Each structure stands twice: as C-alpha cells, then as structure tokens.
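Trainee: Pasting in a structure now, in structure tokens, and then I'll have a few things to ask.
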2 protein chains.
Amino acid sequence: MRVDGKHFRSLWWNDVDAVLEIIDQRMLPYQFQIAQVVTLQQFADAISEMKVRGAPLIGATAAYGVARAMADDPSDTNLQHAHQFLEKTRPTAINLRWALDRCRTALSGLHENQRAAAALQLAHEIADEDVQINKRLGEHGLEIIKEIAENKHDGEPVRILTHCNAGWIATVDWGTATSPIYQAHDLGINIHVWVDETRPRNQGALTSWELGKHGVSHTYIVDNAGGHLMQHGMVDLVITGTDRTTRCGDVCNKIGTYLKALAAKDNNVPFYVTLPSPTIDWTIKDGLSEIPIEERRAEEVEQVQGITPTGDLGRLVVTPEGTHGGNPAFDVTPSRLVTGLITERGVCPASEEGLLKLFPEFLEAH
Amino acid sequence: MRVDGKHFRSLWWNDVDAVLEIIDQRMLPYQFQIAQVVTLQQFADAISEMKVRGAPLIGATAAYGVARAMADDPSDTNLQHAHQFLEKTRPTAINLRWALDRCRTALSGLHENQRAAAALQLAHEIADEDVQINKRLGEHGLEIIKEIAENKHDGEPVRILTHCNAGWIATVDWGTATSPIYQAHDLGINIHVWVDETRPRNQGALTSWELGKHGVSHTYIVDNAGGHLMQHGMVDLVITGTDRTTRCGDVCNKIGTYLKALAAKDNNVPFYVTLPSPTIDWTIKDGLSEIPIEERRAEEVEQVQGITPTGDLGRLVVTPEGTHGGNPAFDVTPSRLVTGLITERGVCPASEEGLLKLFPEFLEAH
C-alpha cells in the first residue's frame with residue numbers, strides 16, 4: 001500500500017545487492033526505516049525480534065531465509081539446518097512452518113546446483129501469492145461491508161473494530177483484516193475503524209499509522225474499550241486476523257481477541273476473521289488444547305515504547321520496582337464465537353464442514 | 001495500610017495547619033508524594049485531576065472540601081455553591097454525590113456559626129466510616145477466599161484477578177477489592193493476584209505497588225490477557241470494585257471490567273464485586289441506559305506515563321501523528337454476569353432482591 005504517496009510492500013528483494021529489504025517494524029509508527037537482511041542469523045533475528053511480524057509476512061520472510069541459506073550452501077544438511085533454525089523463531093504462526101515445509105519439499109527434490117535459484121524463485125512466488133490471496137479475501141470481505149453500508153442512512157460510516165495489526169505490513173501487501181477495509185474505502189464507502197491499542201506491543205499504533213497514511217478515518221482506543229462501544233451500538237462489525245486457525249475453525253490470534261469475540265457475541269455484533277488459507281492448520285482440531293501459546297519476554301509488558309517530548313523514540317517502565325509482568329502473546333477464540341471465516345475462496349462458517357466446503361482437497365488430510 | 005513499614009491512610013487532616021493532606025496519586029507508583037489541599041478550587045482539582053481517585057476516596061475528599069468551604073463562609077449560598085462545584089468534578093462515582101448530599105443535609109439544618117466545626121467532624125466521620133466499611137466487607141470476602149483455599153492442594157495459591165485499583169489508596173484505607181485479599185494474606189493464606197494493567201491510566205501499577213508494599217505475590221498483565229488465563233484454569237476468582245452499582249445490581253466500573261466479566265462467565269470463574277453501600281445508587285435500575293459514562297481526555301489514551309531510563313518520571317506519545325484516541329472511562333457490567341456483591345453487611349446476589357435483603361431500609365426508596 002502507499003506511504004506518503006509511494007507504493008511499498010513489507011519486503012522486497014534487492015536484485016543489485018542480492019539481499020532482502022524489509023521495513024523495520026520495531027520503529028513503526030514513529031520512524032520509517034528500511035533494513036537489509038543478509039545472513040541466516042539475521043533472518044532468524046528479524047522474525048524473533050519482530051522486525052517483521054504478522055503470520056503471512058513471517059512465512060514469506062522465512063522463504064527468503066531459505067533462499068539465502070541455499071545460496072550459501074545448497075546441501076541437504078544445510079537445507080535441514082535452515083528449516084530448523086528458522087522454524088524455532090516463533091512458535092505460534094502456522095504460516096512459518098507452512099512456508100518452510102513448502103520450501104524443503106520443493107528444494108529437496110532438486111539437484112544441489114539448482115537449489116539457490118529455485119529457492120529464490122519460490123520465495124518470490126510465496127510473496128506474490130500472499131498479495132494475491134489477500135486481495136481476493138478482501139474482495140469477499142468487501143461484500144459483508146457493502147451489505148452493512150446499504151442499511152446505513154445518510155452516509156453514516158460503517159464502524160469496524162479491529163484488534164492488533166492484521167494490516168498490509170503484517171503481510172506482503174493489502175493485509176488480511178484491513179484488505180476489505182481498504183477496498184471498501186477505495187470504493188468510496190464511508191468507514192470508521194476502532195483500532196484496539198493491543199498491548200503489550202501496541203500494534204494498534206501500526207494499524208493507525210497504516211490507516212492514516214491511506215486516509216481511512218479511525219480512532220485509537222485502549223483494549224478495554226471495545227465491549228463498551230459494542231454495548232452502545234457503536235460497532236457494526238469486528239474483523240481480525242489470525243496466526244493459526246484449526247480445521248474446526250478455532251482462531252488463535254493476538255492476546256485479547258477472545259475478549260472482543262465474547263463482547264461481540266454478547267451484543268450480536270458480527271465477528272469475522274480474515275485468513276489466507278496457509279494460516280489454517282489442517283493437522284489440529286481443538287485450538288485451546290493443541291496450539292502452543294508463546295510466552296514472550298516480561299519486558300514487553302513492563303515497558304512501553306513511544307515518542308518522547310523531544311521527538312525521539314523512547315521507552316518507559318510502567319511497573320513499580322519489584323513487580324513482574326506476565327506475557328502470553330496469543331489466545332484462542334473458540335469457533336462458536338466466530339460469525340465467519342473470510343478466506344481467499346470465500347466466506348464460510350467457522351467449522352470443519354465450512355472450511356472443507358471451500359478447501360475440499362484437505363478432506364483426507366486428517 | 002503500610003508503606004515502607006509506616007501506616008498511612010490515603011488522606012488525613014493536618015490539625016496544625018488545618019489543611020487536608022493527601023497522597024498525590026498521579027505520581028504513584030513511581031514517587032510517593034504528599035500534597036496539601038487548601039482552597040475549594042484545589043479540592044475540585046484534586047478530584048478532577050485524579051490526585052485522589054477511587055469512588056470512596058473521592059467521597060471523603062469532597063466532604064473535607066465542604067468543611068473547607070464552611071470554614072471560609074458558612075452561608076447557605078456557599079454551602080450550595082460548594083456542593084455544586086465539587087459535584088461536577090467527576091460524573092460517574094456515586095459516592096461523590098452521596099457524600100455531598102449527606103453534608104448538605106446535615107449542615108443546612110445548623111446555624112451558620114456551627115457549620116465549620118460540624119462539617120469537619122462529618123468529614124472525619126465519613127472517612128472513618130469508609131475504613132470500617134471496607135474492613136467489614138473484606139471480612140465477608142475473606143470467607144469466599146477461604147473456601148477456595150480449602151480446596152487447594154499442597155498450599156497452592158488462590159489466584160485472584162483484579163481490574164483497576166480498588167485498593168487502599170482508592171479508599172481511605174483497606175480498599176474494597178483488596179480488602180479480602182489483604183485479610184487473607186495476613187491470615188497466611190497463599191494468594192497470587194493477576195493485576196490488570198488497566199489502560200489508559202495504568203492503575204494496575206498502583207495495585208501492584210500496594211500489593212508489593214504489603215508483600216502479596218502478584219503478576220502485572222496487560223488487559224488483554226485475563227481471558228486467556230481463565231480459559232486455562234489459571235484464575236480461581238475475579239474481584240473488582242465499582243464506581244456505581246444500580247439497585248438491580250448492574251455494576252459500573254473502570255472500562256474493561258465488562259470484558260473480564262464476560263470471560264469469567266464463559267469459563268465458570270466466580271466474578272465478585274466489592275462495594276461499600278454508599279456506592280449503590282438506589283435511584284436507578286438499569287446501568288446501561290441510566291449511568292452517564294465519563295469521556296475523559298484523549299491525551300490519556302495517546303500518552304503513557306512511566307519511568308525513563310534515567311529514573312525520572314516521563315511521558316511518551318504512543319499514537320502516530322494524526323491519530324486520535326477515544327477515552328470512555330467506565331463500562332457497565334450487567335448483573336447477569338456478576339456472581340455476587342460483597343458489601344459491609346454480607347454477600348448477596350447482584351439483584352434488587354439480593355440488595356434489598358441486606359439493605360431493607362431502601363425498600364421504599366424507589
């Protein structure tokens with residue numbers, strides 16, 4: 001999408017230097033910095049330190065990491081090493097494993113001297129596919145927004161609440177939760193987005209930054225506020241992304257998503273989840289018992305990043321001395337709370353039957 | 001309660017200078033500063049700027065404000081003026097109006113030359129009563145904790161989640177939600193408290209500070225995390241305070257309380273609300289439609305306060321340029337989500353019948 005009038009993806013291959021370039025998201029929304037990722041260690045760090053983040057973008061980054069490894073040493077041993085090394089960077093997002101498995105399967109069948117070129121080509125394909133998938137799922141989500149807009153009077157905005165950043169910078173382009181929003185906005189539909197702050201890492205600031213740059217009206221709210229807004233009829237629709245969705249439609253997403261889903265249910269607000277199909281984990285059914293939840297560093301909870309009065313990037317400690325933070329990074333929203341899943345093949349109920357109707361090739365996968 | 005071994009209340013009358021002294025809570029948990037409140041304007045500012053906060057403490061502060069006004073000018077006009085001036089400082093907490101009404105009723109029946117002394121005496125009474133009420137409600141809440149503790153094996157902790165700060169510094173002493181916790185801890189029951197951060201003002205840091213100073217084990221978590229903890233059986237009990245509770249048991253409390261109540265219901269975790277009876281608004285039934293929700297300054301959402309790397313108190317802006325914050329400060333938890341109300345007269349169901357059984361004198365009040 002656009003940043004100050006110029007089109008960007010979240011990552012791109014620099015052909016001249018043969019390195020991956022990324023937007024360093026740790027500095028956003030305060031500083032727009034581009035970083036180069038060169039060594040396999042740097043690829044792993046980019047993912048684990050969240051220079052890149054968001055399930056689809058992590059998958060694409062990992063694919064470029066494998067390409068990097070194959071350029072250095074295309075042996076079977078190194079292919080296996082790169083897979084393992086990158087896989088352990090983040091435990092929750094299924095796209096990471098999906099991308100790595102896809103690379104390993106494709107590359108292990110090739111001669112060593114073909115692997116470097118093929119791996120880079122495959123990374124390009126994974127990145128381009130992500131863009132296309134997100135565009136398509138956005139088209140399906142757009143229909144839901146259009147229907148709500150048609151029942152609005154006098155051009156009142158369709159008010160959409162979103163949690164975390166499932167925006168274009170969490171993907172290669174378009175975003176997942178934001179894709180229908182951008183497409184509706186570009187069509188001239190009046191949209192207002194309630195952006196959850198999403199502590200501890202305040203990814204709502206990223207979503208706000210994206211929406212602001214694209215000209216979409218929005219309000220930044222604390223994570224506590226969404227239930228109140230829904231109680232008072234101020235939310236027409238919730239759309240979130242997901243880091244992993246089970247074949248039965250349980251949705252693992254950024255911590256706090258479950259609370260918004262409960263509030264949506266309690267107030268009859270439709271709660272939709274956008275997901276590119278690589279985010280579906282066809283090997284598991286029950287999200288609560290089968291998805292490992294990443295416990296991240298307490299520091300993320302104990303500190304907050306922002307802009308100091310002098311305009312510099314700064315950090316503050318918000319907890320008193322002697323108090324420690326707990327930091328589970330994701331939670332699971334049971335399928336019973338999800339109105340529908342918005343995929344690149346259409347919208348379906350959050351159930352095994354619903355998903356398999358759209359993706360019948362996985363009927364036998366379990 | 002104790003701060004570094006010394007017993008404090010949240011406010012006390014300085015007989016020597018004839019001024020009110022308070023702990024300036026805007027500096028907590030980072031700096032422990034005592035402030036003097038002298039003029040009526042300073043009383044209003046202390047409440048509206050949240051130097052003092054918490055429904056019971058606001059009520060007591062307002063009573064001292066009336067005493068101040070009566071010392072200056074004990075006329076009917078000034079009594080009425082002080083009432084109006086202080087009442088408008090915060091719209092949600094019912095204790096404020098309760099304390100002011102009580103002062104006006106008592107004082108308007110007196111000769112002007114008796115009012116100054118009587119008003120000060122009344123403020124002392126209101127403050128002392130608050131301490132006694134909180135101690136008693138804590139005794140009733142303690143029974144609930146004891147029962148859970150009895151079913152624990154091997155001294156496992158009773159894990160209690162609380163939202164915002166309904167601690168001793170939100171009252172004159174003991175706190176409301178914390179009163180059963182302190183009493184259980186003092187009895188040697190193993191307690192662990194999950195402290196919600198409570199953005200935007202991070203009052204969870206106040207609760208953490210209190211608990212830490214008293215030696216109660218606790219973990220500071222973001223507001224998003226509680227649902228996940230409940231899903232995984234890591235919360236035995238939720239206890240919160242309230243700023244206003246209707247005669248039918250709807251609970252208005254700090255924004256985000258409703259989300260935790262939904263999660264508690266969804267996971268069969270008992271959700272209790274502690275309230276001194278002055279927090280009950282006997283004139284209204286339906287919390288959602290009848291309680292005005294204070295919309296506070298956007299700045300509270302757009303900024304965060306904490307400690308800089310050099311140890312100073314600092315502020316950061318967390319939102320990108322051009323993004324604005326929305327800041328509803330309270331929400332309403334419908335009585336259907338509340339397991340019970342813990343009052344100074346005992347524990348009752350969150351219903352008109354339940355409350356009237358404990359407070360039959362309000363049978364005719366509606």
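The way I read the labels, and the way they are meant: chains A, B, ... in the order of the structure tokens, residue 1 as the first residue of every chain, and ligand 1 as the first ligand shown, with later ones counted on from there.
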If we count only C-alpha atoms, what is near region 94-102 of chain A at a cut-off of 8 Å, once residues fewer than 2 positions away on the same chain are taken out, given as a PyMOL selection string?
Mentor: chain A and resi 55-56+58-60+62-63+66+83+87+90+92+104-106+126+243-244+278-281
Trainee: Would you mind writing down, as a list of chain:residue names, each residue of region 161-270 of chain A that DSSP on the backbone assigns to strand (DSSP E or B)?
Mentor: A:Leu161, A:Thr162, A:Ile191, A:His192, A:Val193, A:Trp194, A:Val195, A:Asp196, A:Ser217, A:His218, A:Thr219, A:Tyr220, A:Ile221, A:Leu237, A:Val238, A:Ile239, A:Thr240, A:Arg244, A:Thr245, A:Thr246, A:Val251, A:Cys252, A:Asn253, A:Lys254
Trainee: Return the single residue from A:Arg297, A:His214, A:Lys260, A:Lys152 that is closest to chain B, with distances computed using only C-alpha atoms.
Mentor: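 Closest candidate: A:Lys260.
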Trainee: Taking the chain letters and numbering used in this document, name the residues of region 22-247 of chain B that DSSP puts in alpha helix (DSSP H), as a PyMOL selection string.
Mentor: chain B and resi 40-48+55-72+76-87+94-108+112-150+178-186+203-214+226-231
Trainee: Would you mind listing what lies within 10 Å of Glu302 (chain B) as a list in words, with only C-alpha atoms counted and same-chain residues fewer than 6 positions away left out?
Mentor: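 The neighbour list is Glu197, Ala205, Tyr220, Ile221, Val222 and Gly306 of chain A; Pro200, Leu316, Val317, Val318, Thr319, Pro320, Thr323, His324, Gly325, Gly326 and Asn327 of chain B.
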Trainee: Considering only C-alpha atoms, return as number ranges by chain whatever protein or nucleic-acid residues lie within 9 Å of region 286-291 of chain A, sequence-local ones (same chain, fewer than 6 positions apart) excluded.
Mentor: A: 92, 244-252, 331-334; B: 231-232
Trainee: Determine, counting only C-alpha atoms, which protein, DNA and RNA residues have an atom within 10 Å of an atom of Gly215 (chain B); residues of the same chain fewer than 4 positions away are not included. Present the result as a PDB file with N, CA, C and O atoms, in the first residue's frame.
Mentor:
ATOM      1  N   TYR B 182      -6.003  -8.578  51.325  1.00  0.00           N
ATOM      2  CA  TYR B 182      -5.084  -8.264  52.424  1.00  0.00           C
ATOM      3  C   TYR B 182      -5.405  -9.112  53.657  1.00  0.00           C
ATOM      4  O   TYR B 182      -4.509  -9.608  54.346  1.00  0.00           O
ATOM      5  N   HIS B 185      -4.251 -12.692  53.034  1.00  0.00           N
ATOM      6  CA  HIS B 185      -2.784 -12.725  53.097  1.00  0.00           C
ATOM      7  C   HIS B 185      -2.304 -12.641  54.552  1.00  0.00           C
ATOM      8  O   HIS B 185      -1.426 -13.398  54.964  1.00  0.00           O
ATOM      9  N   ASP B 186      -2.919 -11.740  55.300  1.00  0.00           N
ATOM     10  CA  ASP B 186      -2.497 -11.554  56.696  1.00  0.00           C
ATOM     11  C   ASP B 186      -2.790 -12.789  57.544  1.00  0.00           C
ATOM     12  O   ASP B 186      -2.147 -13.009  58.571  1.00  0.00           O
ATOM     13  N   TRP B 209       1.850  -1.790  43.143  1.00  0.00           N
ATOM     14  CA  TRP B 209       2.649  -1.077  44.149  1.00  0.00           C
ATOM     15  C   TRP B 209       2.134  -1.400  45.553  1.00  0.00           C
ATOM     16  O   TRP B 209       2.904  -1.790  46.439  1.00  0.00           O
ATOM     17  N   GLU B 210       0.817  -1.287  45.723  1.00  0.00           N
ATOM     18  CA  GLU B 210       0.203  -1.617  47.021  1.00  0.00           C
ATOM     19  C   GLU B 210       0.510  -3.037  47.449  1.00  0.00           C
ATOM     20  O   GLU B 210       0.920  -3.293  48.590  1.00  0.00           O
ATOM     21  N   LEU B 211       0.256  -3.963  46.528  1.00  0.00           N
ATOM     22  CA  LEU B 211       0.432  -5.378  46.869  1.00  0.00           C
ATOM     23  C   LEU B 211       1.887  -5.668  47.197  1.00  0.00           C
ATOM     24  O   LEU B 211       2.196  -6.380  48.155  1.00  0.00           O
TER      25      LEU B 211
END
Trainee: For a quick check of understanding, using only C-alpha atoms, which of B:Arg296, B:Lys265, B:His228, B:Lys254 has the smallest distance to chain A?
Mentor: B:His228
